[in-house]
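Peer 1: The file below is protein16.csv, CSV, C-alpha atoms:
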```
chain,number,residue,atom,x,y,z
A,258,MET,CA,-41.4,-9.5,-3.2
A,259,ILE,CA,-40.6,-8.9,0.5
A,260,GLN,CA,-41.6,-11.4,3.1
A,261,ALA,CA,-40.8,-11.3,6.8
A,262,ASN,CA,-41.7,-14.0,9.3
A,263,GLN,CA,-41.3,-13.5,13.0
A,264,LEU,CA,-38.7,-10.8,12.4
A,265,THR,CA,-37.2,-9.7,15.7
A,266,LYS,CA,-34.3,-7.3,16.3
A,267,ARG,CA,-32.8,-6.7,19.7
A,268,TYR,CA,-30.0,-4.4,20.7
A,269,GLY,CA,-28.9,-5.9,24.0
A,270,LYS,CA,-31.9,-5.9,26.2
A,271,HIS,CA,-33.8,-3.5,24.0
A,272,THR,CA,-36.2,-5.0,21.5
A,273,ILE,CA,-36.6,-2.8,18.5
A,274,LEU,CA,-38.7,-5.1,16.3
A,275,GLU,CA,-40.7,-7.9,17.8
A,276,SER,CA,-42.1,-10.8,15.8
A,277,ILE,CA,-42.9,-8.8,12.7
A,278,ASP,CA,-44.9,-10.6,10.0
A,279,LEU,CA,-45.0,-8.7,6.7
A,280,GLU,CA,-45.6,-9.3,3.1
A,281,VAL,CA,-45.1,-6.7,0.3
A,282,GLY,CA,-46.2,-7.7,-3.1
A,283,ASP,CA,-44.6,-7.0,-6.5
A,284,GLY,CA,-45.0,-3.3,-7.5
A,285,GLU,CA,-46.7,-2.5,-4.2
A,286,ARG,CA,-46.0,0.9,-2.6
A,287,VAL,CA,-45.9,0.8,1.2
A,288,ALA,CA,-45.4,3.6,3.6
A,289,VAL,CA,-44.0,2.6,7.0
A,290,LEU,CA,-45.0,5.2,9.5
A,291,GLY,CA,-43.8,5.5,13.1
A,292,SER,CA,-42.4,8.0,15.6
A,293,ASN,CA,-38.7,8.3,16.3
A,294,GLY,CA,-37.3,5.0,17.5
A,295,ALA,CA,-40.3,3.0,16.3
A,296,GLY,CA,-38.0,0.7,14.3
A,297,LYS,CA,-38.5,2.0,10.7
A,298,THR,CA,-34.8,2.4,9.9
A,299,THR,CA,-34.0,-0.9,11.7
A,300,LEU,CA,-36.7,-2.6,9.5
A,301,LEU,CA,-35.0,-1.3,6.4
A,302,LYS,CA,-31.6,-2.2,7.7
A,303,CYS,CA,-32.8,-5.8,8.2
A,304,MET,CA,-34.0,-5.9,4.6
A,305,LEU,CA,-30.6,-4.7,3.5
A,306,GLY,CA,-28.9,-7.3,5.7
A,307,LEU,CA,-27.0,-4.5,7.5
A,308,VAL,CA,-27.9,-5.8,10.9
A,309,ASP,CA,-28.4,-9.3,12.3
A,310,PHE,CA,-31.9,-10.3,13.3
A,311,GLU,CA,-34.0,-13.3,14.4
A,312,GLY,CA,-36.6,-14.8,12.2
A,313,ARG,CA,-36.7,-15.0,8.4
A,314,LEU,CA,-36.7,-12.3,5.8
A,315,THR,CA,-36.7,-12.9,2.0
A,316,ILE,CA,-36.4,-10.5,-0.9
A,317,ASP,CA,-37.8,-12.0,-4.1
A,318,SER,CA,-37.6,-15.4,-2.4
A,319,LEU,CA,-33.9,-14.8,-1.6
A,320,ASP,CA,-33.0,-15.2,2.0
A,321,VAL,CA,-31.3,-12.0,3.3
A,322,LYS,CA,-29.1,-13.9,5.7
A,323,SER,CA,-27.8,-16.6,3.4
A,324,ARG,CA,-28.0,-14.8,0.0
A,325,GLY,CA,-27.6,-11.2,1.0
A,326,ARG,CA,-25.7,-10.1,-2.0
A,327,ALA,CA,-28.2,-11.5,-4.4
A,328,ALA,CA,-31.0,-10.0,-2.3
A,329,ARG,CA,-29.4,-6.6,-2.3
A,330,GLN,CA,-29.2,-6.7,-6.1
A,331,ARG,CA,-33.0,-6.4,-6.0
A,332,LEU,CA,-32.8,-3.4,-3.6
A,333,ALA,CA,-32.0,0.2,-4.2
A,334,TYR,CA,-31.6,2.3,-1.1
A,335,VAL,CA,-31.8,6.0,-0.3
A,336,PRO,CA,-30.5,6.6,3.2
A,337,GLN,CA,-32.0,9.1,5.7
A,338,MET,CA,-28.8,11.1,6.0
A,339,PRO,CA,-26.8,10.9,2.8
A,340,PRO,CA,-23.3,9.9,3.7
A,341,ILE,CA,-20.6,12.1,2.2
A,342,PHE,CA,-17.8,10.3,0.4
A,343,ASP,CA,-14.4,11.9,-0.2
A,344,LEU,CA,-15.2,12.0,-3.9
A,345,SER,CA,-16.6,14.4,-6.5
A,346,LEU,CA,-20.2,13.9,-7.5
A,347,SER,CA,-19.2,12.3,-10.8
A,348,ALA,CA,-16.7,10.0,-9.1
A,349,PHE,CA,-19.4,9.0,-6.6
A,350,LEU,CA,-21.9,8.2,-9.3
A,351,ASP,CA,-19.3,6.3,-11.3
A,352,LEU,CA,-18.3,4.2,-8.3
A,353,PHE,CA,-21.7,3.1,-7.3
A,354,GLY,CA,-22.9,3.0,-10.9
A,355,SER,CA,-20.2,0.5,-11.8
A,356,ILE,CA,-20.9,-1.6,-8.6
A,357,ARG,CA,-24.5,-1.8,-9.7
A,358,ASP,CA,-23.7,-2.0,-13.4
A,359,VAL,CA,-25.8,1.1,-14.1
A,360,ASP,CA,-25.5,3.0,-17.4
A,361,PRO,CA,-23.9,6.4,-16.5
A,362,ALA,CA,-26.1,8.1,-19.1
A,363,SER,CA,-29.1,6.8,-17.2
A,364,VAL,CA,-27.9,8.3,-13.9
A,365,ALA,CA,-27.1,11.6,-15.6
A,366,SER,CA,-30.5,11.7,-17.1
A,367,ARG,CA,-32.2,10.9,-13.8
A,368,LEU,CA,-30.1,13.6,-12.1
A,369,SER,CA,-31.0,16.1,-14.8
A,370,ASP,CA,-34.7,15.3,-14.3
A,371,LEU,CA,-34.2,16.0,-10.6
A,372,GLY,CA,-32.8,19.4,-11.5
A,373,LEU,CA,-29.1,18.7,-10.9
A,374,ALA,CA,-27.0,19.0,-14.0
A,375,LEU,CA,-24.0,16.7,-13.9
A,376,ASP,CA,-21.9,19.0,-16.2
A,377,VAL,CA,-22.4,21.8,-13.6
A,378,TYR,CA,-22.0,19.9,-10.4
A,379,GLY,CA,-20.1,16.8,-11.5
A,380,ASP,CA,-16.6,18.1,-10.5
A,381,LYS,CA,-17.7,19.4,-7.1
A,382,PRO,CA,-16.6,17.4,-4.1
A,383,MET,CA,-19.6,15.9,-2.3
A,384,ARG,CA,-18.8,17.8,0.9
A,385,GLN,CA,-19.5,21.1,-1.0
A,386,LEU,CA,-23.0,20.0,-2.1
A,387,SER,CA,-26.1,20.8,0.0
A,388,GLY,CA,-28.2,18.1,1.7
A,389,GLY,CA,-30.9,18.4,-1.0
A,390,MET,CA,-28.4,18.0,-3.8
A,391,LEU,CA,-26.9,14.9,-2.1
A,392,GLN,CA,-30.4,13.4,-1.6
A,393,LYS,CA,-31.1,14.0,-5.3
A,394,ALA,CA,-27.8,12.2,-6.2
A,395,TYR,CA,-28.7,9.2,-4.1
A,396,LEU,CA,-32.2,9.1,-5.4
A,397,ALA,CA,-30.9,9.4,-9.0
A,398,LEU,CA,-28.7,6.4,-8.4
A,399,ALA,CA,-31.5,4.4,-6.9
A,400,LEU,CA,-33.9,5.2,-9.7
A,401,ALA,CA,-31.3,4.4,-12.4
A,402,ALA,CA,-30.5,1.0,-10.8
A,403,ASP,CA,-32.6,-1.7,-12.3
A,404,SER,CA,-33.8,-3.0,-9.0
A,405,ALA,CA,-37.2,-4.3,-8.2
A,406,VAL,CA,-37.5,-2.6,-4.8
A,407,LEU,CA,-36.8,0.9,-3.8
A,408,LEU,CA,-36.1,1.4,-0.1
A,409,LEU,CA,-36.4,5.0,1.1
A,410,ASP,CA,-35.5,5.9,4.6
A,411,GLU,CA,-37.0,9.3,5.4
A,412,PRO,CA,-35.6,10.6,2.1
A,413,THR,CA,-36.9,14.1,2.7
A,414,ALA,CA,-35.4,14.6,6.2
A,415,GLY,CA,-33.4,17.8,6.1
A,416,LEU,CA,-35.0,19.2,3.0
A,417,ASP,CA,-36.9,22.6,2.9
A,418,PRO,CA,-40.6,22.4,2.1
A,419,GLY,CA,-40.2,23.3,-1.6
A,420,SER,CA,-37.5,20.7,-2.2
A,421,ARG,CA,-39.5,18.2,-0.2
A,422,GLN,CA,-42.5,18.7,-2.4
A,423,GLU,CA,-40.4,18.4,-5.5
A,424,PHE,CA,-38.8,15.2,-4.2
A,425,ILE,CA,-42.1,13.6,-3.4
A,426,GLU,CA,-43.5,14.4,-6.9
A,427,HIS,CA,-40.5,12.7,-8.5
A,428,LEU,CA,-41.1,9.6,-6.2
A,429,ALA,CA,-44.8,9.6,-7.1
A,430,ASP,CA,-43.8,9.5,-10.8
A,431,VAL,CA,-41.6,6.4,-10.4
A,432,ASN,CA,-42.5,3.5,-12.6
A,433,GLY,CA,-45.4,1.7,-11.0
A,434,ASP,CA,-43.8,-1.8,-11.6
A,435,ARG,CA,-41.3,-1.1,-8.9
A,436,CYS,CA,-42.0,-2.0,-5.3
A,437,MET,CA,-41.4,0.9,-2.9
A,438,VAL,CA,-41.0,0.9,0.9
A,439,LEU,CA,-41.0,4.4,2.3
A,440,ALA,CA,-40.1,4.9,6.0
A,441,THR,CA,-41.4,8.3,7.1
A,442,HIS,CA,-43.1,10.1,9.9
A,443,ARG,CA,-45.0,12.4,7.6
A,444,LEU,CA,-48.4,11.2,6.7
A,445,GLU,CA,-48.7,13.6,3.7
A,446,GLU,CA,-45.6,12.0,2.1
A,447,ALA,CA,-47.2,8.5,2.6
A,448,GLU,CA,-50.4,9.7,1.0
A,449,SER,CA,-48.6,11.1,-2.0
A,450,ILE,CA,-46.6,8.0,-2.7
A,451,ALA,CA,-48.0,4.9,-1.1
A,452,GLU,CA,-51.2,2.9,-1.4
A,453,ARG,CA,-50.7,0.9,1.7
A,454,LEU,CA,-49.8,2.1,5.2
A,455,ILE,CA,-48.0,0.2,8.0
A,456,ILE,CA,-47.7,1.9,11.4
A,457,LEU,CA,-44.9,0.7,13.6
A,458,HIS,CA,-45.2,1.4,17.3
A,459,ARG,CA,-42.9,0.0,20.0
A,460,GLY,CA,-41.5,-2.6,17.7
A,461,GLY,CA,-44.8,-4.0,16.5
A,462,ILE,CA,-47.2,-3.3,13.6
A,463,VAL,CA,-50.3,-1.6,15.0
A,464,PHE,CA,-51.9,-1.0,11.7
A,465,ASP,CA,-51.5,-2.5,8.2
A,466,GLY,CA,-54.0,-1.6,5.6
A,467,PRO,CA,-54.8,0.5,2.6
A,468,LEU,CA,-54.3,4.2,2.9
A,469,GLY,CA,-58.0,4.9,2.2
A,470,ASP,CA,-59.0,2.7,5.2
A,471,SER,CA,-61.2,4.9,7.4
A,472,ASN,CA,-59.8,3.0,10.5
A,473,GLY,CA,-56.3,4.1,9.6
A,474,THR,CA,-55.6,7.3,7.6
A,475,ASP,CA,-58.8,9.2,8.3
A,476,ALA,CA,-58.3,8.9,12.0
A,477,ILE,CA,-54.7,10.0,11.7
A,478,ARG,CA,-55.6,12.8,9.2
A,479,GLY,CA,-58.3,14.1,11.5
A,480,ILE,CA,-55.7,14.8,14.1
A,481,GLY,CA,-53.0,16.0,11.9
A,482,GLY,CA,-50.6,16.6,14.8
A,483,PRO,CA,-46.9,16.8,14.2
A,484,GLU,CA,-45.9,14.2,16.7
A,485,LEU,CA,-46.7,10.7,15.4
A,486,GLU,CA,-46.5,9.4,18.9
A,487,GLN,CA,-49.7,11.3,19.7
A,488,VAL,CA,-51.2,10.4,16.3
A,489,VAL,CA,-50.7,6.7,16.9
A,490,LYS,CA,-52.2,7.0,20.4
A,491,ARG,CA,-55.2,8.8,19.1
A,492,PHE,CA,-55.5,6.3,16.2
A,493,LEU,CA,-55.5,3.4,18.7
A,494,THR,CA,-58.1,5.1,20.8
A,495,VAL,CA,-60.4,5.7,17.8
A,496,ALA,CA,-59.8,2.1,16.7
A,497,ASP,CA,-60.8,0.9,20.2
A,498,GLN,CA,-63.9,3.1,20.2
A,499,LEU,CA,-65.0,1.7,16.8
A,500,GLU,CA,-64.5,-1.8,18.0
A,501,GLY,CA,-66.5,-1.0,21.2
A,502,ASP,CA,-69.3,0.5,19.1
A,503,GLN,CA,-69.5,-2.6,17.0
O,150,MET,CA,-17.5,-6.2,-8.4
O,151,ILE,CA,-14.5,-5.6,-6.1
O,152,GLY,CA,-12.6,-3.6,-8.8
O,153,PRO,CA,-14.4,-0.2,-8.4
O,154,LEU,CA,-14.1,-0.5,-4.6
O,155,VAL,CA,-10.3,-1.2,-4.8
O,156,ARG,CA,-9.8,1.7,-7.1
O,157,ARG,CA,-11.6,4.0,-4.7
O,158,GLU,CA,-9.7,2.7,-1.7
O,159,ILE,CA,-6.4,3.2,-3.5
O,160,ARG,CA,-7.3,6.7,-4.4
O,161,ASP,CA,-8.3,7.4,-0.8
O,162,ALA,CA,-5.1,5.8,0.5
O,163,ILE,CA,-3.0,8.0,-1.9
O,164,HIS,CA,-4.8,11.1,-0.7
O,165,ARG,CA,-4.4,10.3,2.9
O,166,TYR,CA,-0.6,10.0,2.9
O,167,TRP,CA,-0.5,8.0,6.0
O,168,PHE,CA,2.5,6.1,4.8
O,169,VAL,CA,4.5,9.3,4.1
O,170,VAL,CA,3.6,10.8,7.5
O,171,ASN,CA,4.5,7.6,9.3
O,172,ALA,CA,7.8,7.3,7.4
O,173,VAL,CA,8.7,10.9,8.2
O,174,VAL,CA,7.9,10.5,11.9
O,175,PHE,CA,9.8,7.2,12.1
O,176,ALA,CA,12.8,8.6,10.4
O,177,SER,CA,12.8,11.7,12.7
O,178,ALA,CA,12.4,9.5,15.8
O,179,GLY,CA,15.2,7.2,14.6
O,180,LEU,CA,17.6,10.2,14.0
O,181,LEU,CA,16.8,11.6,17.4
O,182,LEU,CA,17.3,8.3,19.0
O,183,MET,CA,20.7,7.8,17.4
O,184,LEU,CA,21.8,11.4,18.2
O,185,PHE,CA,20.8,11.3,21.9
O,186,GLY,CA,21.6,7.6,22.3
O,187,GLN,CA,25.2,8.1,21.3
O,188,SER,CA,25.7,11.4,23.1
O,189,ASP,CA,25.9,9.4,26.4
O,190,VAL,CA,28.6,7.0,25.0
O,191,MET,CA,30.8,9.8,23.7
O,192,VAL,CA,31.9,7.6,20.9
O,193,LEU,CA,30.8,8.0,17.3
O,194,GLY,CA,31.2,5.5,14.4
O,195,TYR,CA,30.9,1.7,14.5
O,196,ARG,CA,31.6,1.4,18.2
O,197,GLY,CA,28.2,3.0,19.0
O,198,PHE,CA,26.4,1.2,16.2
O,199,ALA,CA,25.1,-1.8,18.3
O,200,ARG,CA,23.5,0.6,20.8
O,201,SER,CA,21.9,2.6,18.0
O,202,LEU,CA,20.7,-0.5,16.3
O,203,ALA,CA,19.1,-1.8,19.5
O,204,GLY,CA,17.3,1.5,19.9
O,205,LEU,CA,16.1,1.5,16.3
O,206,MET,CA,14.8,-2.1,16.7
O,207,HIS,CA,12.8,-1.1,19.7
O,208,LEU,CA,11.5,1.9,17.8
O,209,ALA,CA,10.5,-0.4,14.9
O,210,LEU,CA,8.7,-2.7,17.4
O,211,VAL,CA,6.4,0.2,18.3
O,212,PHE,CA,6.1,1.9,15.0
O,213,VAL,CA,5.6,-0.8,12.5
O,214,PRO,CA,2.4,-2.1,14.1
O,215,LEU,CA,1.2,1.5,14.5
O,216,MET,CA,1.8,2.0,10.7
O,217,ALA,CA,-0.5,-0.9,10.1
O,218,ILE,CA,-3.1,-0.3,12.7
O,219,ILE,CA,-3.8,3.4,12.2
O,220,PRO,CA,-4.7,3.3,8.5
O,221,ALA,CA,-6.7,0.1,9.1
O,222,VAL,CA,-8.6,1.8,11.9
O,223,VAL,CA,-9.2,4.9,9.8
O,224,ALA,CA,-10.4,2.8,6.9
O,225,ILE,CA,-13.0,0.9,8.9
O,226,SER,CA,-14.1,3.0,11.9
O,227,GLY,CA,-13.9,6.3,10.0
O,228,GLU,CA,-16.2,5.0,7.3
O,229,ARG,CA,-18.5,3.5,9.9
O,230,GLU,CA,-18.9,6.8,11.8
O,231,THR,CA,-19.6,8.8,8.6
O,232,GLY,CA,-22.2,6.2,7.4
O,233,THR,CA,-20.3,5.5,4.2
O,234,LEU,CA,-19.6,1.9,5.2
O,235,ASP,CA,-23.3,1.2,5.7
O,236,TYR,CA,-24.1,2.6,2.2
O,237,ILE,CA,-21.4,0.5,0.6
O,238,LEU,CA,-22.6,-2.6,2.4
O,239,ALA,CA,-26.1,-1.8,1.2
O,240,GLN,CA,-24.9,-2.5,-2.3
O,241,PRO,CA,-24.8,-6.0,-3.9
O,242,VAL,CA,-21.4,-6.7,-2.4
O,243,THR,CA,-20.4,-8.9,0.5
O,244,ALA,CA,-18.7,-7.7,3.7
O,245,SER,CA,-15.7,-9.8,2.9
O,246,GLN,CA,-15.4,-8.2,-0.6
O,247,VAL,CA,-15.4,-4.8,1.0
O,248,PHE,CA,-12.8,-5.7,3.6
O,249,ALA,CA,-10.7,-7.5,0.9
O,250,SER,CA,-10.8,-4.3,-1.2
O,251,LYS,CA,-9.5,-2.4,1.8
O,252,TRP,CA,-6.7,-4.8,2.4
O,253,LEU,CA,-5.8,-5.1,-1.2
O,254,SER,CA,-5.8,-1.3,-1.7
O,255,ALA,CA,-3.6,-0.9,1.4
O,256,CYS,CA,-1.0,-3.1,-0.2
O,257,LEU,CA,-1.4,-1.7,-3.7
O,258,SER,CA,-1.4,1.9,-2.7
O,259,ARG,CA,2.3,1.5,-1.5
O,260,ARG,CA,3.2,0.2,-4.9
O,261,PHE,CA,1.3,2.8,-6.9
O,262,ARG,CA,1.7,5.9,-4.7
O,263,HIS,CA,4.3,7.5,-7.0
O,264,ARG,CA,1.9,7.4,-9.9
O,265,GLY,CA,-0.5,9.7,-8.2
O,266,ARG,CA,-3.6,7.9,-9.4
O,267,ALA,CA,-5.4,4.7,-8.8
O,268,PRO,CA,-4.4,1.7,-11.1
O,269,ARG,CA,-7.0,-0.3,-13.0
O,270,VAL,CA,-7.9,-3.4,-11.1
O,271,SER,CA,-10.0,-6.0,-12.7
O,272,ALA,CA,-12.7,-7.6,-10.6
```
Take the structure in the file and give it back as C-alpha cells.

Peer 2:
Amino acid sequence: MIQANQLTKRYGKHTILESIDLEVGDGERVAVLGSNGAGKTTLLKCMLGLVDFEGRLTIDSLDVKSRGRAARQRLAYVPQMPPIFDLSLSAFLDLFGSIRDVDPASVASRLSDLGLALDVYGDKPMRQLSGGMLQKAYLALALAADSAVLLLDEPTAGLDPGSRQEFIEHLADVNGDRCMVLATHRLEEAESIAERLIILHRGGIVFDGPLGDSNGTDAIRGIGGPELEQVVKRFLTVADQLEGDQ
Amino acid sequence: MIGPLVRREIRDAIHRYWFVVNAVVFASAGLLLMLFGQSDVMVLGYRGFARSLAGLMHLALVFVPLMAIIPAVVAISGERETGTLDYILAQPVTASQVFASKWLSACLSRRFRHRGRAPRVSA
C-alpha cells in the first residue's frame, strides 16, 4: 500500500530523513516511534505530499509527487495538533465531509461513538471546543472517510490519560482492513494498536520488525523510560550486545 | 471539489469585512486629503479640484494594492500559521485548486457581501 524508496528530506543543510526504504502492506498497522525531531511527522507529511522530498514514494501504486491528489484520496489524516477553523463543528464536518464525499450520517455516527454528540456540540465554534473534542472530531472524519490508509500523527498529544486510553481503544477497534500508520513516542500506544514497529532515529530507520520481536519491543519495554532518546540508545546497546554474543 | 472550499472562503471573507474596513479608511483619508489639501489654496469649488484629484490618485496608488495584498496575505499566511492550510492540502485537492478557491472567493465575496451568506458554487 505504501512504498518508499530512498526517501530523503532536507531542510537546508539539515537532513531530516535519509534514504528511507519502507514498505507497508494492505491492512498493516505500523507504529513509527521516535524521539522529538526524529522525523516522524516529516515522514507523514511526505506521504501526504505536503513537503517536497527526494526519492520515490507511492500510495497504492500512485506516485505522491505526480499523482498527489489521487494518492491523498487513499489517505485519511489526523494531525498532531488539531487546527482550529473559524467554523462551527457542524460546518467543519460538512466542509471536509463534502470534500471527501463522506456521508454526513456516517460522520455523526462515528462522532457519537467517540462520545461527542453532534446535536449538542454541532453549533459550537471550534475554538470553544477542548483539544480532546477536536481530536475526536478529526478522528471521526478520518474514520468515516472511505480511505485505505489512516495516518495518525501523535493523535493523543495533549489528551489527559483517561481520554488517551479511550482514544486508543477506538483506534484499536478500527476495521482491520484499513492500513494504519501511527507516529508516536509512546510505546504503550504502539503496542495497543500496531503489529509492526519502526523506530526512527536521526533520520534513519534503526529498527523495523514485529512488535513481539524480542530484539525490539522487549528491550524497549524493559527500560520503560519516558524519553525515547534514551530508549533508543538502550535498545541499540542491547542489540549490539546480542549481536556480540552470537 | 472546489465548490465547498469556495463557499467556505466566501463565508470567511464576508466575516472578515476587510473590504468595508479598507473602504472606510480610504474614504476617510480621501476626505482629509481634500480638506487639508485645499486649505492651503484658500479656494473651494472646481478651481481646487485638480489638486484634490491629484492627491486622491496618489492615495489610490497606495491604497488599492494594499486592499488586494492584505486580504491575500491573511488568506494564505494566516492559514499557514494556524495549520489549517496543511490540513486542507492533506485532502484530495491540489494546491492550485485551493489557491483558485481563494482567488475566486475574493472576487465573489465582493459581489455577494450584501446577501450575508455564501452563495452556492458548483464544482

Peer 1: Within 8 Å of chain A, which residues of chain O come that close, and what is the closest atom pair and distance in Å for each? Count all atoms listed in the file and give it as JSON lines.

Peer 2:
```
{"residue": "O:Met150", "atom": "CA", "partner": "A:Ile356", "partner_atom": "CA", "distance": 5.7}
{"residue": "O:Ile151", "atom": "CA", "partner": "A:Ile356", "partner_atom": "CA", "distance": 8.0}
{"residue": "O:Pro153", "atom": "CA", "partner": "A:Leu352", "partner_atom": "CA", "distance": 5.9}
{"residue": "O:Leu154", "atom": "CA", "partner": "A:Leu352", "partner_atom": "CA", "distance": 7.3}
{"residue": "O:Arg157", "atom": "CA", "partner": "A:Leu352", "partner_atom": "CA", "distance": 7.6}
{"residue": "O:Asp161", "atom": "CA", "partner": "A:Asp343", "partner_atom": "CA", "distance": 7.6}
{"residue": "O:Thr231", "atom": "CA", "partner": "A:Pro340", "partner_atom": "CA", "distance": 6.2}
{"residue": "O:Gly232", "atom": "CA", "partner": "A:Pro340", "partner_atom": "CA", "distance": 5.3}
{"residue": "O:Thr233", "atom": "CA", "partner": "A:Pro340", "partner_atom": "CA", "distance": 5.3}
{"residue": "O:Asp235", "atom": "CA", "partner": "A:Leu307", "partner_atom": "CA", "distance": 7.0}
{"residue": "O:Tyr236", "atom": "CA", "partner": "A:Pro340", "partner_atom": "CA", "distance": 7.5}
{"residue": "O:Leu238", "atom": "CA", "partner": "A:Leu307", "partner_atom": "CA", "distance": 7.0}
{"residue": "O:Ala239", "atom": "CA", "partner": "A:Leu305", "partner_atom": "CA", "distance": 5.8}
{"residue": "O:Gln240", "atom": "CA", "partner": "A:Arg329", "partner_atom": "CA", "distance": 6.1}
{"residue": "O:Pro241", "atom": "CA", "partner": "A:Arg326", "partner_atom": "CA", "distance": 4.6}
{"residue": "O:Val242", "atom": "CA", "partner": "A:Arg326", "partner_atom": "CA", "distance": 5.5}
{"residue": "O:Thr243", "atom": "CA", "partner": "A:Arg326", "partner_atom": "CA", "distance": 6.0}
```

Peer 1: Using atom CA of Tyr378 of chain A and atom CA of Trp167 of chain O as the two end points, give the distance in Å to one decimal.

Peer 2: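 Distance between the two atoms: 29.5 Å.
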
Peer 1: Just the residues within 12 Å of Leu428 of chain A, please, counting only C-alpha atoms, with nothing from its chain fewer than 3 positions along; format it as a PyMOL selection string.

Peer 2: chain A and resi 286+335+367+370-371+393+396-397+399-400+407-409+412-413+421-425+431-433+435-439+446-451

Peer 1: Could you state the separation of atom CA of Arg443 of chain A and atom CA of Ala288 of chain A in Å, given to one decimal place?

Peer 2: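 A separation of 9.7 Å between them.
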
Peer 1: Which residues come within 8 Å of Ser254 of chain O, counting all atoms listed in the file, excluding same-chain residues fewer than 6 positions away, as a list of chain:residue names?

Peer 2: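 Non-adjacent residues within range: O:Val155, O:Arg156, O:Glu158, O:Ile159, O:Ala162.
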
Peer 1: Rounded to one decimal in Å, what is the spacing between atom CA of Asp317 of chain A and atom CA of Leu279 of chain A?

Peer 2: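 Rounded to one decimal, the two atoms are 13.4 Å apart.
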
Peer 1: From the set O:Arg160, O:Ala221, O:Val211, O:Gly227, which residue has the shortest atom-to-atom contact distance to Ala249 of chain O, counting only C-alpha atoms?

Peer 2: O:Ala221

Peer 1: Have a look at O:Ile163, O:Ala255, O:Ala209, O:Val170 and name the one nearest to Leu182 of chain O; count all atoms listed in the file.

Peer 2: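 Looking only at the distances to Leu182 of chain O, the closest residue turns out to be O:Ala209.
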
Peer 1: Looking at all atoms listed in the file, which of A:Ala362, A:Val377, A:Val406, A:Leu398 is the one that sits closest to Leu301 of chain A?

Peer 2: A:Val406

Peer 1: Near Leu264 of chain A, counting only C-alpha atoms, which residues have an atom at most 7 Å away, once you skip same-chain residues fewer than 3 positions from it, shown as a list in words?

Peer 2: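 With the cut-off at 7 Å, the set is Ala261, Leu274, Glu275, Ser276, Ile277, Asp278, Phe310, Glu311, Gly312 and Arg313 of chain A.
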
Peer 1: Just checking: using only C-alpha atoms, which residue out of O:Leu180, O:Ile218, O:Val213, O:Val247 ends up closest to Ser201 of chain O?

Peer 2: O:Leu180

Peer 1: Near Arg459 of chain A, within 9 Å and counting only C-alpha atoms, which residues show up once chain neighbours fewer than 3 positions away are dropped, as a list in words?

Peer 2: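 Near Arg459 of chain A, the qualifying residues are Thr272, Ile273, Leu274, Glu275, Gly291, Gly294, Ala295, Gly296 and Ile462 of chain A.
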
Peer 1: Of the candidates A:Ile456, A:Leu373, A:Leu319, A:Val281, which one gets nearest to Leu468 of chain A if we count only C-alpha atoms?

Peer 2: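 Smallest separation from Leu468 of chain A among the options: A:Ile456.
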
Peer 1: Neighbouring residues of Phe212 of chain O were defined as those with any atom within 10 Å, considering only C-alpha atoms; residues of the same chain fewer than 2 positions away were excluded. Please report them as a PyMOL selection string.

Peer 2: chain O and resi 171-172+174-175+178+206-210+214-218

Peer 1: Please produce a file of those selected residues containing C-alpha atoms, as a PDB file, in the frame of the given file.

Peer 2:
```
ATOM      1  CA  ASN O 171       4.500   7.600   9.300  1.00  0.00           C
ATOM      2  CA  ALA O 172       7.800   7.300   7.400  1.00  0.00           C
ATOM      3  CA  VAL O 174       7.900  10.500  11.900  1.00  0.00           C
ATOM      4  CA  PHE O 175       9.800   7.200  12.100  1.00  0.00           C
ATOM      5  CA  ALA O 178      12.400   9.500  15.800  1.00  0.00           C
ATOM      6  CA  MET O 206      14.800  -2.100  16.700  1.00  0.00           C
ATOM      7  CA  HIS O 207      12.800  -1.100  19.700  1.00  0.00           C
ATOM      8  CA  LEU O 208      11.500   1.900  17.800  1.00  0.00           C
ATOM      9  CA  ALA O 209      10.500  -0.400  14.900  1.00  0.00           C
ATOM     10  CA  LEU O 210       8.700  -2.700  17.400  1.00  0.00           C
ATOM     11  CA  PRO O 214       2.400  -2.100  14.100  1.00  0.00           C
ATOM     12  CA  LEU O 215       1.200   1.500  14.500  1.00  0.00           C
ATOM     13  CA  MET O 216       1.800   2.000  10.700  1.00  0.00           C
ATOM     14  CA  ALA O 217      -0.500  -0.900  10.100  1.00  0.00           C
ATOM     15  CA  ILE O 218      -3.100  -0.300  12.700  1.00  0.00           C
TER      16      ILE O 218
END
```
